[in-house]
Amino acid sequence: MEDLGSVAWPPEPIRTERLVLREPETRDRAAFIDLLASPEVHTYLGGPRPRDELERETPEVPERWPGSFVVDLDGSMIGQILLRRATGHRRPAAAGKADLGYMFLPRAWGFGYAAEACAAALGWLADALPGEPVVLTTQTANVGSMRLAATLGFTEVERFEAWGAEQWLGMRSPVTPSD
């Protein structure tokens, strides 16, 4: 995956009714380790990474690159939104398009934070790169992620087998002024 090219980074923090999407900071390191070491978060993402490995390898300011947003609730990180260019995607329909990814700590599940944060990030992307289609890939077994994709307006492009499971590739068409 590559960054989004000409997009100025970092943007000003994006504020929603309950959340702030912002660039990662030093204070987020422990939450990133929790996120990457969580068996629940990584059920459909190939499994968690060992905590001791993450403690050794995670930089002071983790995941600090264009397209990586911390999702902040009341001053604490609860998740991450990723927007990257899908240059190396396995599926031709996704190659070269903007790709949305997200992970949230289990304590943040079930409150609508993922939908709120992803919608805000997609709105920012629509302003930054007008006309850009966005893709999202998830396992079909990940019911919550499938539901979120539908809520965000992604429609199925194809299903395929990868990493030992059925995967779902969805696309969100660009928003135009008449939409």
# chains A, B, ... in the order shown; residues from 1 in each chain; ligands from 1
$ residues_around --residues "region 15-18 of chain A" --least-positions-apart "5" --cutoff "9 Å" --atoms "only C-alpha atoms" --output "PyMOL selection string"
chain A and resi 72-74+113+116-117+120
$ closest_atom_pairs --of "region 62-101 of chain A" --to "region 123-143 of chain A" --cutoff "9 Å" --atoms "only C-alpha atoms" --output "tab-separated table"
residue	atom	partner	partner_atom	distance
A:Leu83	CA	A:Leu125	CA	8.4
A:Ala86	CA	A:Val135	CA	8.3
A:Ala93	CA	A:Val135	CA	8.8
A:Ala94	CA	A:Val135	CA	6.2
A:Lys97	CA	A:Val134	CA	6.0
A:Ala98	CA	A:Val134	CA	4.8
A:Asp99	CA	A:Val135	CA	4.8
A:Leu100	CA	A:Leu136	CA	5.3
A:Gly101	CA	A:Leu136	CA	6.8
$ write_last_selection --atoms "C-alpha atoms" --output "CSV table (one decimal), in the first residue's frame"
chain,number,residue,atom,x,y,z
A,83,LEU,CA,-6.7,5.3,4.1
A,86,ALA,CA,-4.2,-0.1,-2.9
A,93,ALA,CA,-10.9,-4.2,-9.3
A,94,ALA,CA,-9.2,-2.7,-6.3
A,97,LYS,CA,-7.9,2.8,-5.7
A,98,ALA,CA,-8.1,4.3,-2.2
A,99,ASP,CA,-8.5,1.6,0.4
A,100,LEU,CA,-10.3,2.0,3.7
A,101,GLY,CA,-9.3,0.0,6.7
$ atom_distance --atom1 "CA of Glu156 (chain A)" --atom2 "CA of Gly112 (chain A)"
21.9 Å
$ residues_around --residues "Thr151 (chain A)" --least-positions-apart "2" --cutoff "12 Å" --atoms "only C-alpha atoms" --output "CSV table (one decimal) with N, CA and C atoms, in the first residue's frame"
chain,number,residue,atom,x,y,z
A,112,GLY,N,-21.4,2.6,17.6
A,112,GLY,CA,-21.5,3.4,16.4
A,112,GLY,C,-20.3,4.2,16.1
A,114,ALA,N,-17.3,3.3,14.9
A,114,ALA,CA,-16.7,2.9,13.7
A,114,ALA,C,-17.4,3.6,12.5
A,115,ALA,N,-18.7,3.5,12.5
A,115,ALA,CA,-19.5,4.2,11.4
A,115,ALA,C,-19.3,5.7,11.4
A,116,GLU,N,-19.3,6.3,12.6
A,116,GLU,CA,-19.1,7.7,12.7
A,116,GLU,C,-17.7,8.1,12.2
A,118,CYS,N,-15.5,6.3,10.3
A,118,CYS,CA,-15.3,6.0,8.9
A,118,CYS,C,-16.0,7.0,8.0
A,119,ALA,N,-17.2,7.4,8.3
A,119,ALA,CA,-17.9,8.3,7.5
A,119,ALA,C,-17.2,9.7,7.4
A,144,GLY,N,-19.9,-7.9,11.7
A,144,GLY,CA,-19.9,-6.4,12.0
A,144,GLY,C,-19.3,-5.6,10.9
A,145,SER,N,-18.2,-6.1,10.3
A,145,SER,CA,-17.5,-5.3,9.3
A,145,SER,C,-18.4,-5.3,8.0
A,146,MET,N,-19.1,-6.4,7.7
A,146,MET,CA,-20.0,-6.5,6.6
A,146,MET,C,-21.1,-5.5,6.7
A,147,ARG,N,-21.6,-5.4,7.9
A,147,ARG,CA,-22.7,-4.4,8.2
A,147,ARG,C,-22.2,-3.0,8.1
A,148,LEU,N,-21.0,-2.7,8.6
A,148,LEU,CA,-20.5,-1.4,8.5
A,148,LEU,C,-20.2,-1.0,7.1
A,149,ALA,N,-19.7,-1.9,6.2
A,149,ALA,CA,-19.5,-1.6,4.8
A,149,ALA,C,-20.8,-1.2,4.1
A,153,GLY,N,-22.1,2.6,2.5
A,153,GLY,CA,-22.4,2.7,1.1
A,153,GLY,C,-21.6,1.9,0.2
A,154,PHE,N,-20.8,0.9,0.7
A,154,PHE,CA,-20.0,0.0,-0.1
A,154,PHE,C,-20.9,-1.0,-0.7
A,155,THR,N,-20.7,-1.3,-2.0
A,155,THR,CA,-21.5,-2.4,-2.6
A,155,THR,C,-20.5,-3.5,-3.1
A,170,GLY,N,-15.7,-4.7,-1.6
A,170,GLY,CA,-16.7,-3.7,-1.8
A,170,GLY,C,-16.1,-2.4,-2.3
A,172,ARG,N,-17.1,1.8,-2.9
A,172,ARG,CA,-17.9,3.0,-2.7
A,172,ARG,C,-17.6,4.0,-3.8
$ residues_around --residues "Pro13 (chain A)" --least-positions-apart "4" --cutoff "7 Å" --atoms "only C-alpha atoms" --output "JSON, numbers by chain"
{"A": [20, 21, 22]}
$ residues_around --residues "Trp163 (chain A)" --least-positions-apart "6" --cutoff "12 Å" --atoms "only C-alpha atoms" --output "PDB file with C-alpha atoms, in the first residue's frame"
ATOM      1  CA  TYR A  44     -10.420 -11.819  11.024  1.00  0.00           C
ATOM      2  CA  LEU A  45      -7.019 -10.215  10.459  1.00  0.00           C
ATOM      3  CA  GLY A  46      -4.671 -13.155  10.740  1.00  0.00           C
ATOM      4  CA  GLY A  47      -4.346 -13.205  14.514  1.00  0.00           C
ATOM      5  CA  ARG A  90      -4.537  -8.931  -5.196  1.00  0.00           C
ATOM      6  CA  THR A 138     -13.208  -7.900   4.789  1.00  0.00           C
ATOM      7  CA  GLN A 139     -13.917 -11.525   5.551  1.00  0.00           C
TER       8      GLN A 139
END
$ residues_around --residues "Arg27 (chain A)" --least-positions-apart "5" --cutoff "9 Å" --atoms "only C-alpha atoms" --output "list in words"
Glu60, Val61, Ser76 and Met77 of chain A
$ select_by_dssp --residues "region 27-171 of chain A" --states "helix (DSSP H, G or I)" --output "VMD selection string"
chain A and resid 27 to 37 51 to 57 106 to 108 113 to 128 143 to 151
